[in-house]
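Undergrad: Provided below: run.cif, containing mmCIF, C-alpha atoms.
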```
data_my_file
#
loop_
_atom_site.group_PDB
_atom_site.id
_atom_site.type_symbol
_atom_site.label_atom_id
_atom_site.label_comp_id
_atom_site.auth_asym_id
_atom_site.auth_seq_id
_atom_site.Cartn_x
_atom_site.Cartn_y
_atom_site.Cartn_z
ATOM 1 C CA MET M 1 166.317 27.876 24.466
ATOM 2 C CA GLY M 2 163.243 29.260 22.757
ATOM 3 C CA LEU M 3 160.756 27.534 25.067
ATOM 4 C CA THR M 4 157.393 28.937 26.074
ATOM 5 C CA PRO M 5 156.545 29.203 29.827
ATOM 6 C CA SER M 6 154.341 26.154 29.351
ATOM 7 C CA GLY M 7 157.261 24.253 27.797
ATOM 8 C CA VAL M 8 159.575 25.181 30.684
ATOM 9 C CA SER M 9 156.950 23.993 33.157
ATOM 10 C CA LYS M 10 156.592 20.684 31.356
ATOM 11 C CA ALA M 11 160.373 20.220 31.284
ATOM 12 C CA MET M 12 160.625 20.921 35.036
ATOM 13 C CA ASN M 13 157.881 18.363 35.676
ATOM 14 C CA ASP M 14 159.382 15.640 33.465
ATOM 15 C CA HIS M 15 156.598 15.697 30.897
ATOM 16 C CA PRO M 16 157.011 12.685 28.540
ATOM 17 C CA ARG M 17 156.669 14.854 25.406
ATOM 18 C CA ILE M 18 159.752 16.921 26.314
ATOM 19 C CA SER M 19 163.116 15.471 25.266
ATOM 20 C CA ASP M 20 165.633 14.407 27.899
ATOM 21 C CA LYS M 21 168.180 16.949 26.588
ATOM 22 C CA THR M 22 165.685 19.829 26.877
ATOM 23 C CA LYS M 23 164.745 18.722 30.400
ATOM 24 C CA GLU M 24 168.423 18.613 31.357
ATOM 25 C CA ASP M 25 169.098 22.084 29.852
ATOM 26 C CA VAL M 26 166.071 23.621 31.579
ATOM 27 C CA LYS M 27 166.988 22.137 34.974
ATOM 28 C CA LYS M 28 170.586 23.328 34.654
ATOM 29 C CA MET M 29 169.407 26.853 33.886
ATOM 30 C CA ALA M 30 166.894 26.728 36.755
ATOM 31 C CA LYS M 31 169.644 25.697 39.151
ATOM 32 C CA LYS M 32 171.965 28.417 37.866
ATOM 33 C CA MET M 33 169.232 31.027 38.370
ATOM 34 C CA ASN M 34 168.313 29.602 41.812
ATOM 35 C CA TYR M 35 164.771 29.052 40.604
ATOM 36 C CA GLN M 36 162.207 27.949 43.212
ATOM 37 C CA PRO M 37 158.832 26.633 42.014
ATOM 38 C CA ASN M 38 155.732 28.514 43.220
ATOM 39 C CA HIS M 39 153.733 25.713 44.811
ATOM 40 C CA LEU M 40 150.805 27.994 45.658
ATOM 41 C CA ALA M 41 150.429 29.083 42.028
ATOM 42 C CA SER M 42 150.692 25.459 40.982
ATOM 43 C CA ALA M 43 148.000 24.511 43.494
ATOM 44 C CA LEU M 44 145.694 27.205 42.153
ATOM 45 C CA ARG M 45 146.165 25.909 38.596
ATOM 46 C CA LYS M 46 145.729 22.244 39.470
ATOM 47 C CA GLY M 47 143.168 22.638 42.253
ATOM 48 C CA LYS M 48 145.396 20.379 44.379
ATOM 49 C CA SER M 49 148.436 21.264 46.503
ATOM 50 C CA ASN M 50 149.351 17.881 48.041
ATOM 51 C CA LEU M 51 149.705 19.775 51.341
ATOM 52 C CA ILE M 52 147.847 18.739 54.508
ATOM 53 C CA GLY M 53 147.590 21.001 57.542
ATOM 54 C CA VAL M 54 147.852 19.405 60.977
ATOM 55 C CA ILE M 55 146.896 21.539 63.991
ATOM 56 C CA ILE M 56 147.967 20.392 67.457
ATOM 57 C CA PRO M 57 147.477 22.089 70.846
ATOM 58 C CA ARG M 58 151.156 21.820 71.774
ATOM 59 C CA ASN M 59 154.303 20.083 70.552
ATOM 60 C CA ASN M 60 155.921 19.328 73.933
ATOM 61 C CA SER M 61 153.614 16.354 74.413
ATOM 62 C CA ASN M 62 154.808 12.920 73.344
ATOM 63 C CA PHE M 63 151.190 12.013 72.592
ATOM 64 C CA PHE M 64 150.737 14.773 70.009
ATOM 65 C CA SER M 65 154.212 14.366 68.493
ATOM 66 C CA SER M 66 153.583 10.625 68.102
ATOM 67 C CA VAL M 67 150.197 11.224 66.458
ATOM 68 C CA VAL M 68 151.791 13.714 64.017
ATOM 69 C CA GLU M 69 154.656 11.329 63.224
ATOM 70 C CA ASN M 70 152.190 8.596 62.283
ATOM 71 C CA ILE M 71 149.952 10.951 60.295
ATOM 72 C CA GLU M 72 152.987 12.109 58.351
ATOM 73 C CA GLY M 73 154.231 8.562 57.752
ATOM 74 C CA VAL M 74 150.965 7.484 56.126
ATOM 75 C CA LEU M 75 150.452 10.673 54.098
ATOM 76 C CA ASN M 76 154.059 10.897 52.853
ATOM 77 C CA GLU M 77 153.684 7.452 51.292
ATOM 78 C CA LYS M 78 150.734 8.811 49.289
ATOM 79 C CA GLY M 79 152.664 11.864 48.051
ATOM 80 C CA TYR M 80 151.377 14.419 50.568
ATOM 81 C CA ASN M 81 153.479 16.823 52.612
ATOM 82 C CA VAL M 82 152.387 17.938 56.076
ATOM 83 C CA ILE M 83 152.359 21.493 57.459
ATOM 84 C CA ILE M 84 152.297 21.427 61.270
ATOM 85 C CA ALA M 85 150.678 24.320 63.150
ATOM 86 C CA GLN M 86 150.581 24.714 66.938
ATOM 87 C CA SER M 87 147.788 26.551 68.770
ATOM 88 C CA ASN M 88 149.537 26.627 72.166
ATOM 89 C CA GLU M 89 146.067 25.946 73.641
ATOM 90 C CA SER M 90 144.942 29.410 72.404
ATOM 91 C CA HIS M 91 141.671 29.751 70.483
ATOM 92 C CA GLU M 92 142.897 32.956 68.833
ATOM 93 C CA LYS M 93 146.107 31.270 67.666
ATOM 94 C CA GLU M 94 144.076 28.288 66.478
ATOM 95 C CA CYS M 95 141.924 30.586 64.306
ATOM 96 C CA ASP M 96 145.099 32.150 62.876
ATOM 97 C CA CYS M 97 146.409 28.658 62.075
ATOM 98 C CA ILE M 98 143.196 27.767 60.247
ATOM 99 C CA ASP M 99 143.306 30.990 58.205
ATOM 100 C CA ALA M 100 146.957 30.427 57.273
ATOM 101 C CA LEU M 101 146.366 26.824 56.211
ATOM 102 C CA LEU M 102 143.306 27.699 54.129
ATOM 103 C CA SER M 103 145.288 30.520 52.466
ATOM 104 C CA ALA M 104 148.015 28.002 51.629
ATOM 105 C CA GLN M 105 145.396 25.998 49.691
ATOM 106 C CA VAL M 106 145.875 22.823 51.742
ATOM 107 C CA ASP M 107 143.973 19.789 50.511
ATOM 108 C CA GLY M 108 142.683 19.075 54.005
ATOM 109 C CA ILE M 109 143.097 19.785 57.714
ATOM 110 C CA ILE M 110 143.584 17.272 60.535
ATOM 111 C CA ALA M 111 143.189 18.903 63.948
ATOM 112 C CA SER M 112 142.950 18.529 67.709
ATOM 113 C CA MET M 113 141.252 21.472 69.423
ATOM 114 C CA ALA M 114 142.850 23.940 71.831
ATOM 115 C CA ASN M 115 141.851 24.040 75.503
ATOM 116 C CA GLU M 116 140.350 27.523 75.057
ATOM 117 C CA THR M 117 138.124 26.585 72.120
ATOM 118 C CA THR M 118 134.402 26.827 72.820
ATOM 119 C CA ASN M 119 133.310 28.548 69.585
ATOM 120 C CA LEU M 120 133.341 26.224 66.576
ATOM 121 C CA LYS M 121 132.875 29.001 63.985
ATOM 122 C CA TYR M 122 136.337 28.593 62.447
ATOM 123 C CA TYR M 123 135.944 24.824 62.152
ATOM 124 C CA GLN M 124 132.615 25.425 60.424
ATOM 125 C CA LYS M 125 134.526 27.766 58.094
ATOM 126 C CA ILE M 126 136.740 24.843 57.005
ATOM 127 C CA LYS M 127 133.655 22.786 56.190
ATOM 128 C CA GLU M 128 131.938 25.652 54.359
ATOM 129 C CA LYS M 129 134.981 26.063 52.124
ATOM 130 C CA GLY M 130 134.704 22.392 51.195
ATOM 131 C CA THR M 131 138.086 21.504 52.702
ATOM 132 C CA PRO M 132 138.096 17.995 54.226
ATOM 133 C CA LEU M 133 138.373 18.097 58.019
ATOM 134 C CA VAL M 134 139.373 15.246 60.323
ATOM 135 C CA LEU M 135 139.463 15.695 64.099
ATOM 136 C CA PHE M 136 141.454 13.573 66.529
ATOM 137 C CA ASP M 137 141.531 13.292 70.325
ATOM 138 C CA ARG M 138 139.886 16.648 71.145
ATOM 139 C CA GLY M 139 136.879 17.233 68.955
ATOM 140 C CA GLU M 140 133.130 17.775 68.957
ATOM 141 C CA ASN M 141 130.379 15.495 67.678
ATOM 142 C CA ASP M 142 128.337 18.562 66.645
ATOM 143 C CA LEU M 143 130.706 19.346 63.767
ATOM 144 C CA ASN M 144 129.581 16.153 61.984
ATOM 145 C CA VAL M 145 132.965 15.276 60.502
ATOM 146 C CA ASP M 146 135.389 12.364 60.719
ATOM 147 C CA TYR M 147 136.558 12.093 64.328
ATOM 148 C CA ILE M 148 139.160 9.705 65.791
ATOM 149 C CA CYS M 149 139.005 9.457 69.575
ATOM 150 C CA ILE M 150 139.355 7.140 72.554
ATOM 151 C CA ASP M 151 136.772 5.818 74.998
ATOM 152 C CA ASP M 152 137.345 8.466 77.667
ATOM 153 C CA TYR M 153 134.358 7.433 79.767
ATOM 154 C CA ASN M 154 135.399 3.805 80.184
ATOM 155 C CA SER M 155 139.038 4.838 80.650
ATOM 156 C CA SER M 156 138.014 6.628 83.847
ATOM 157 C CA HIS M 157 136.017 3.595 84.915
ATOM 158 C CA LYS M 158 139.154 1.469 84.597
ATOM 159 C CA VAL M 159 141.154 3.949 86.690
ATOM 160 C CA VAL M 160 138.623 4.128 89.530
ATOM 161 C CA GLU M 161 138.093 0.344 89.566
ATOM 162 C CA HIS M 162 141.839 -0.207 89.911
ATOM 163 C CA LEU M 163 142.082 2.301 92.780
ATOM 164 C CA VAL M 164 139.113 0.663 94.528
ATOM 165 C CA ASP M 165 140.845 -2.715 94.136
ATOM 166 C CA GLN M 166 143.837 -1.161 95.909
ATOM 167 C CA GLY M 167 141.639 -0.245 98.856
ATOM 168 C CA CYS M 168 141.242 3.490 98.063
ATOM 169 C CA LYS M 169 138.024 5.066 99.322
ATOM 170 C CA ARG M 170 138.498 8.823 98.858
ATOM 171 C CA ILE M 171 139.579 9.453 95.266
ATOM 172 C CA ALA M 172 140.280 12.986 94.050
ATOM 173 C CA HIS M 173 140.213 14.028 90.386
ATOM 174 C CA ILE M 174 142.481 16.647 88.811
ATOM 175 C CA ALA M 175 140.235 17.309 85.826
ATOM 176 C CA GLY M 176 140.650 19.047 82.496
ATOM 177 C CA SER M 177 138.364 21.849 81.308
ATOM 178 C CA SER M 178 134.798 20.501 81.308
ATOM 179 C CA HIS M 179 133.844 22.362 78.089
ATOM 180 C CA ILE M 180 136.212 20.011 76.233
ATOM 181 C CA ARG M 181 134.390 16.790 75.404
ATOM 182 C CA ILE M 182 137.190 14.370 76.338
ATOM 183 C CA TYR M 183 137.687 15.846 79.810
ATOM 184 C CA LYS M 184 133.950 16.029 80.417
ATOM 185 C CA GLU M 185 133.648 12.336 79.495
ATOM 186 C CA ARG M 186 136.522 11.437 81.817
ATOM 187 C CA GLU M 187 134.896 13.285 84.695
ATOM 188 C CA ILE M 188 131.505 11.672 84.059
ATOM 189 C CA GLY M 189 133.192 8.255 83.968
ATOM 190 C CA TYR M 190 134.960 9.050 87.251
ATOM 191 C CA ARG M 191 131.706 10.165 88.915
ATOM 192 C CA ASP M 192 129.716 7.168 87.667
ATOM 193 C CA ALA M 193 132.400 4.740 88.828
ATOM 194 C CA LEU M 194 132.442 6.311 92.320
ATOM 195 C CA GLU M 195 128.670 5.956 92.450
ATOM 196 C CA LYS M 196 128.915 2.322 91.355
ATOM 197 C CA TYR M 197 131.223 1.557 94.288
ATOM 198 C CA ASN M 198 129.270 3.697 96.776
ATOM 199 C CA LEU M 199 132.144 6.125 97.246
ATOM 200 C CA PRO M 200 131.698 9.842 98.014
ATOM 201 C CA ILE M 201 131.393 12.329 95.139
ATOM 202 C CA GLU M 202 132.564 15.605 96.658
ATOM 203 C CA ASP M 203 133.084 18.886 94.807
ATOM 204 C CA GLU M 204 136.169 19.667 96.889
ATOM 205 C CA LEU M 205 137.825 16.546 95.453
ATOM 206 C CA ILE M 206 137.253 17.583 91.809
ATOM 207 C CA VAL M 207 139.356 20.491 90.497
ATOM 208 C CA GLU M 208 139.479 21.667 86.866
ATOM 209 C CA CYS M 209 142.685 23.045 85.346
ATOM 210 C CA ASN M 210 144.838 23.132 82.192
ATOM 211 C CA LEU M 211 146.643 19.961 83.313
ATOM 212 C CA ARG M 212 150.121 21.483 83.248
ATOM 213 C CA LEU M 213 152.805 20.519 85.746
ATOM 214 C CA ALA M 214 152.256 23.734 87.724
ATOM 215 C CA ASP M 215 148.509 22.984 87.893
ATOM 216 C CA GLY M 216 149.212 19.553 89.345
ATOM 217 C CA ARG M 217 151.484 21.080 92.000
ATOM 218 C CA ARG M 218 148.948 23.768 92.940
ATOM 219 C CA ILE M 219 145.986 21.409 93.159
ATOM 220 C CA MET M 220 147.895 18.743 95.094
ATOM 221 C CA ARG M 221 148.810 21.331 97.722
ATOM 222 C CA GLN M 222 145.134 22.351 97.812
ATOM 223 C CA LEU M 223 144.015 18.734 98.330
ATOM 224 C CA LEU M 224 146.519 18.206 101.135
ATOM 225 C CA GLU M 225 145.026 21.169 103.019
ATOM 226 C CA LEU M 226 141.570 19.538 103.228
ATOM 227 C CA ASP M 227 140.344 18.408 106.636
ATOM 228 C CA GLU M 228 140.142 14.910 105.210
ATOM 229 C CA ARG M 229 142.709 14.501 102.478
ATOM 230 C CA PRO M 230 142.268 11.966 99.639
ATOM 231 C CA ASP M 231 143.904 8.547 99.631
ATOM 232 C CA ALA M 232 144.164 8.565 95.812
ATOM 233 C CA VAL M 233 144.477 11.136 93.022
ATOM 234 C CA TYR M 234 143.491 10.578 89.407
ATOM 235 C CA ALA M 235 144.829 13.279 87.060
ATOM 236 C CA SER M 236 143.464 13.647 83.508
ATOM 237 C CA GLY M 237 146.983 14.373 82.212
ATOM 238 C CA ASP M 238 150.448 13.038 83.001
ATOM 239 C CA TYR M 239 152.080 16.446 83.470
ATOM 240 C CA ALA M 240 149.547 17.298 86.198
ATOM 241 C CA ALA M 241 150.200 13.882 87.739
ATOM 242 C CA LEU M 242 153.938 14.611 87.763
ATOM 243 C CA GLY M 243 153.342 17.951 89.493
ATOM 244 C CA ALA M 244 151.196 16.184 92.102
ATOM 245 C CA LEU M 245 153.911 13.571 92.648
ATOM 246 C CA GLN M 246 156.529 16.269 93.230
ATOM 247 C CA VAL M 247 154.399 17.889 95.956
ATOM 248 C CA LEU M 248 153.701 14.526 97.619
ATOM 249 C CA GLN M 249 157.417 13.742 97.727
ATOM 250 C CA GLU M 250 158.278 17.217 99.026
ATOM 251 C CA SER M 251 155.657 16.674 101.763
ATOM 252 C CA ASN M 252 157.159 13.283 102.689
ATOM 253 C CA ILE M 253 153.941 11.484 101.812
ATOM 254 C CA LYS M 254 154.473 7.893 100.713
ATOM 255 C CA VAL M 255 153.203 7.000 97.230
ATOM 256 C CA PRO M 256 151.194 4.778 96.896
ATOM 257 C CA GLU M 257 150.992 3.691 100.555
ATOM 258 C CA GLU M 258 149.421 6.933 101.791
ATOM 259 C CA ILE M 259 148.169 8.435 98.519
ATOM 260 C CA ALA M 260 147.977 6.499 95.259
ATOM 261 C CA LEU M 261 148.394 8.372 91.971
ATOM 262 C CA ILE M 262 147.367 7.795 88.342
ATOM 263 C CA GLY M 263 147.874 10.006 85.270
ATOM 264 C CA PHE M 264 146.657 9.893 81.672
ATOM 265 C CA SER M 265 148.450 9.711 78.283
ATOM 266 C CA ASN M 266 151.503 7.501 78.947
ATOM 267 C CA GLU M 267 154.121 10.224 78.449
ATOM 268 C CA PRO M 268 157.644 8.673 78.404
ATOM 269 C CA PHE M 269 158.677 10.243 81.732
ATOM 270 C CA THR M 270 155.955 8.292 83.575
ATOM 271 C CA SER M 271 158.068 5.135 83.387
ATOM 272 C CA PHE M 272 161.353 6.896 84.310
ATOM 273 C CA VAL M 273 160.419 8.750 87.510
ATOM 274 C CA SER M 274 160.440 7.081 90.924
ATOM 275 C CA PRO M 275 157.942 5.854 91.773
ATOM 276 C CA SER M 276 156.889 5.220 88.195
ATOM 277 C CA ILE M 277 153.468 6.698 87.427
ATOM 278 C CA SER M 278 150.461 4.556 86.525
ATOM 279 C CA THR M 279 148.718 5.971 83.469
ATOM 280 C CA VAL M 280 146.346 5.359 80.556
ATOM 281 C CA ASN M 281 147.784 4.513 77.137
ATOM 282 C CA GLN M 282 145.843 6.350 74.399
ATOM 283 C CA HIS M 283 147.509 4.432 71.526
ATOM 284 C CA SER M 284 148.793 7.527 69.726
ATOM 285 C CA GLU M 285 150.325 5.478 66.897
ATOM 286 C CA ALA M 286 146.988 3.925 65.952
ATOM 287 C CA MET M 287 145.205 7.273 66.312
ATOM 288 C CA GLY M 288 147.660 9.002 63.948
ATOM 289 C CA LYS M 289 147.450 6.283 61.307
ATOM 290 C CA LEU M 290 143.660 6.181 61.489
ATOM 291 C CA ALA M 291 143.405 9.962 61.174
ATOM 292 C CA ALA M 292 145.546 9.893 58.018
ATOM 293 C CA GLU M 293 143.738 6.888 56.518
ATOM 294 C CA THR M 294 140.365 8.495 57.246
ATOM 295 C CA PHE M 295 141.487 11.668 55.461
ATOM 296 C CA LEU M 296 142.656 9.650 52.436
ATOM 297 C CA ASN M 297 139.311 7.850 52.301
ATOM 298 C CA ARG M 298 137.511 11.197 52.373
ATOM 299 C CA ILE M 299 139.702 12.553 49.528
ATOM 300 C CA GLU M 300 139.189 9.421 47.440
ATOM 301 C CA ASN M 301 135.412 9.487 47.940
ATOM 302 C CA PRO M 302 134.479 13.169 47.546
ATOM 303 C CA SER M 303 130.852 12.407 46.690
ATOM 304 C CA GLU M 304 130.318 10.568 49.967
ATOM 305 C CA LYS M 305 128.089 12.619 52.288
ATOM 306 C CA VAL M 306 130.029 14.199 55.151
ATOM 307 C CA SER M 307 128.514 13.258 58.515
ATOM 308 C CA LEU M 308 129.740 12.268 61.954
ATOM 309 C CA ASN M 309 132.086 9.320 61.440
ATOM 310 C CA LYS M 310 133.343 8.613 64.938
ATOM 311 C CA ILE M 311 136.042 5.980 65.349
ATOM 312 C CA THR M 312 136.576 5.137 69.025
ATOM 313 C CA LEU M 313 139.733 3.362 70.204
ATOM 314 C CA ASN M 314 139.947 1.377 73.423
ATOM 315 C CA THR M 315 142.610 2.350 75.943
ATOM 316 C CA GLU M 316 144.929 0.400 78.196
ATOM 317 C CA LEU M 317 145.495 1.051 81.906
ATOM 318 C CA ILE M 318 149.207 0.719 82.645
ATOM 319 C CA ILE M 319 149.673 -0.101 86.329
ATOM 320 C CA ARG M 320 152.986 1.044 87.785
ATOM 321 C CA GLU M 321 154.417 1.762 91.222
ATOM 322 C CA SER M 322 152.457 4.957 91.980
ATOM 323 C CA SER M 323 149.144 3.101 92.388
ATOM 324 C CA ASN M 324 150.106 -0.504 93.000
ATOM 325 C CA LYS M 325 149.817 -1.237 96.732
ATOM 326 C CA THR M 326 149.854 -5.017 96.348
ATOM 327 C CA THR M 327 153.566 -5.415 95.498
#
```
Will you turn the file into structure tokens for me?

TA:
Amino acid sequence: MGLTPSGVSKAMNDHPRISDKTKEDVKKMAKKMNYQPNHLASALRKGKSNLIGVIIPRNNSNFFSSVVENIEGVLNEKGYNVIIAQSNESHEKECDCIDALLSAQVDGIIASMANETTNLKYYQKIKEKGTPLVLFDRGENDLNVDYICIDDYNSSHKVVEHLVDQGCKRIAHIAGSSHIRIYKEREIGYRDALEKYNLPIEDELIVECNLRLADGRRIMRQLLELDERPDAVYASGDYAALGALQVLQESNIKVPEEIALIGFSNEPFTSFVSPSISTVNQHSEAMGKLAAETFLNRIENPSEKVSLNKITLNTELIIRESSNKTT
């Protein structure tokens, strides 16, 4: 066809100065030769890849999958494609994800931190490279970036107040890792609410874990072995709450009559099990959309100084059978 590499590139990208016939001929030849465009090379030339990396702790959570779905919906409309990376709660894997996304020349990273993460060096690396960073759900104020979160402290207040209203006086807490800000805030809210209602704050009633189903089972068995067992359990995650419920049912303990139970996150199964599990709705749809919109604002205003921009969403306590003694 006698075209230069630059001419072929323009034809493939529908440049207005290339005739329709030439574009058609080039695309036919590209298809015949099974040509695949090198997006990384294109990104290096243009300084823009239209790729956004999203790092989540795990993909088996409805909360995280819903956040990602809403991030993707907003960004796709603006011409961006999303690369999803999963840390599996591992700090080492999280660092690998960050390296891979930076190597792919992504235009930005939206992330929720792994349970194991205590060292913020790799997140600082994103900032130092000048790549926009937005955190959601699990993040740290010290990074001074855009951060979409919920009011974890007041969420715990709502939970304890509801359990007190139901007549509970000895409330246990299956807590997340205290080095993670959101779980620390939930525990502080739980402790402050107990103090407000003059209820005991006992170390044996507060147990940290990774909030998996197996953790909930193990800790519930541990709580049942106490000389004075709790009359309510508040778990910082729904999977731990489900594990606790299984042990209570296996032990023939009536829920909520003998022990009330509340989880956190509003996973779909909480409304399907019997008794249905009371929980806290984190509004994942709004969090995902806000994370994407905040990223777009950062991209569109590159000269704006990057500092802590914390957007805090209110939560909703969903009262179901597992904690409702008044029905």

Undergrad: With the file shown as input, list the residues that the PyMOL selection byres ((chain M and resi 205-218) around 6) selects, as a PyMOL selection string.

TA: chain M and resi 172-177+202-204+219-221+237+239-241+243-244+247

Undergrad: Could you spell out the hits of the PyMOL selection byres ((chain M and resi 248) around 10) on the shown file, as number ranges by chain?

TA: M: 217, 220-221, 224, 242-247, 249-255, 258-259, 261

Undergrad: May I have the residues within 12 Å of Asp137 of chain M as an MDAnalysis selection string, using all atoms listed in the file and disregarding those fewer than 4 positions away in the same chain?

TA: chainID M and resid 55:57 63:64 67 110:115 141 146:152 180:183 265 282:284 286:288 290:291 310:313

Undergrad: Counting all atoms listed in the file, what is within 10 Å of Pro268 of chain M, bar same-chain residues fewer than 2 positions away, as a list in words?

TA: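 Near Pro268 of chain M, the qualifying residues are Ser61, Asn62, Phe63, Asp238, Ser265, Asn266, Thr270, Ser271, Phe272 and Val273 of chain M.
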
Undergrad: Could you write out as AutoDock Vina command-line options the box around segment 285-302 of chain M (axis-aligned, all atoms listed in the file, 4 Å on each side), with centre and edge lengths in Å to one decimal?

TA:
```
--center_x 142.4 --center_y 8.5 --center_z 57.2 --size_x 23.8 --size_y 17.2 --size_z 27.5
```

Undergrad: Find the nearest atom pair between each residue of segment 97-174 of chain M and segment 317-325 of chain M for residues within 9 Å, count all atoms listed in the file, give distances in Å to one decimal, sort rows by chain and ascending number, and present the table as a Markdown table.

TA:
```
| residue | atom | partner | partner_atom | distance |
| --- | --- | --- | --- | --- |
| M:Ser155 | CA | M:Leu317 | CA | 7.6 |
| M:Lys158 | CA | M:Leu317 | CA | 6.9 |
| M:Val159 | CA | M:Leu317 | CA | 7.1 |
| M:His162 | CA | M:Ser323 | CA | 8.4 |
| M:Leu163 | CA | M:Ser323 | CA | 7.1 |
| M:Gln166 | CA | M:Lys325 | CA | 6.0 |
| M:Gly167 | CA | M:Lys325 | CA | 8.5 |
```

Undergrad: Evaluate the PyMOL selection byres ((chain M and resi 126-130) around 10) on the structure here and hand back the selected residues as a ChimeraX atom specification.

TA: /M:98-99,101-102,107-109,121-125,131-133,143-145,302,306

Undergrad: Have a look at atom CA of Lys289 of chain M and atom CA of Tyr153 of chain M and let me know their distance in Å, one decimal.

TA: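 Distance between the two atoms: 22.7 Å.
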
Undergrad: Which distance in Å separates atom CA of Ser49 of chain M and atom CA of Arg298 of chain M, to one decimal?

TA: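 Atom CA of Arg298 of chain M lies 16.0 Å from atom CA of Ser49 of chain M.
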
Undergrad: Quick one: of M:Glu285, M:Glu304, M:Glu89, M:Asp96, who's nearest to Gly73 of chain M, counting only C-alpha atoms?

TA: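 Among the listed residues, the smallest separation from Gly73 of chain M belongs to M:Glu285.
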
Undergrad: Could you please determine the separation between atom CA of His179 of chain M and atom CA of Asn70 of chain M in Å, to one decimal place?

TA: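 Value for the atom CA of His179 of chain M-atom CA of Asn70 of chain M distance: 27.9 Å.
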
Undergrad: Return the single residue from M:Glu195, M:Glu24, M:Glu92, M:Asp142 that is closest to His157 of chain M, with distances computed using all atoms listed in the file.

TA: M:Glu195

Undergrad: Using all atoms listed in the file, which of M:Leu223, M:Leu51, M:Ala292, M:Leu308 sits nearest Val106 of chain M?

TA: M:Leu51

Undergrad: Between M:Glu140, M:Glu77, M:Glu72, M:Asp20, which one has atoms that come closest to Asn309 of chain M, using all atoms listed in the file?

TA: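 Answer, going by the shortest atom-to-atom distance: M:Glu140.
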
Undergrad: Compare M:Gly139, M:Thr118, M:Ser66, M:Lys48 by their minimum atom-to-atom distance to Glu267 of chain M, counting all atoms listed in the file, and give me the closest one.

TA: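 Ranked by minimum distance to Glu267 of chain M, first place goes to M:Ser66.
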
Undergrad: Just checking: using only C-alpha atoms, which residue out of M:Ile71, M:Leu120, M:Leu194, M:Ile84 ends up closest to Cys97 of chain M?

TA: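 Using only C-alpha atoms, the shortest distance to Cys97 of chain M belongs to M:Ile84.
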
Undergrad: List every protein, DNA or RNA residue that has at least one atom no more than 7 Å from (146.2, 7.3, 88.3) in the file's coordinates, counting all atoms listed in the file, and write the result as a ChimeraX atom specification.

TA: /M:159,233-235,261-263,278-279,323

Undergrad: Can you write just those residues out, C-alpha atoms, as an mmCIF file, in the frame of the given file?

TA:
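Listed below is the output, part.cif:
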```
data_model
loop_
_atom_site.group_PDB
_atom_site.id
_atom_site.type_symbol
_atom_site.label_atom_id
_atom_site.label_comp_id
_atom_site.auth_asym_id
_atom_site.auth_seq_id
_atom_site.Cartn_x
_atom_site.Cartn_y
_atom_site.Cartn_z
ATOM 1 C CA VAL M 159 141.154 3.949 86.690
ATOM 2 C CA VAL M 233 144.477 11.136 93.022
ATOM 3 C CA TYR M 234 143.491 10.578 89.407
ATOM 4 C CA ALA M 235 144.829 13.279 87.060
ATOM 5 C CA LEU M 261 148.394 8.372 91.971
ATOM 6 C CA ILE M 262 147.367 7.795 88.342
ATOM 7 C CA GLY M 263 147.874 10.006 85.270
ATOM 8 C CA SER M 278 150.461 4.556 86.525
ATOM 9 C CA THR M 279 148.718 5.971 83.469
ATOM 10 C CA SER M 323 149.144 3.101 92.388
#
```

Undergrad: For Cys168 of chain M, please output as an MDAnalysis selection string all residues within 8 Å (counting all atoms listed in the file; exclusion window: fewer than 5 positions along the same chain).

TA: chainID M and resid 163 231:232 260
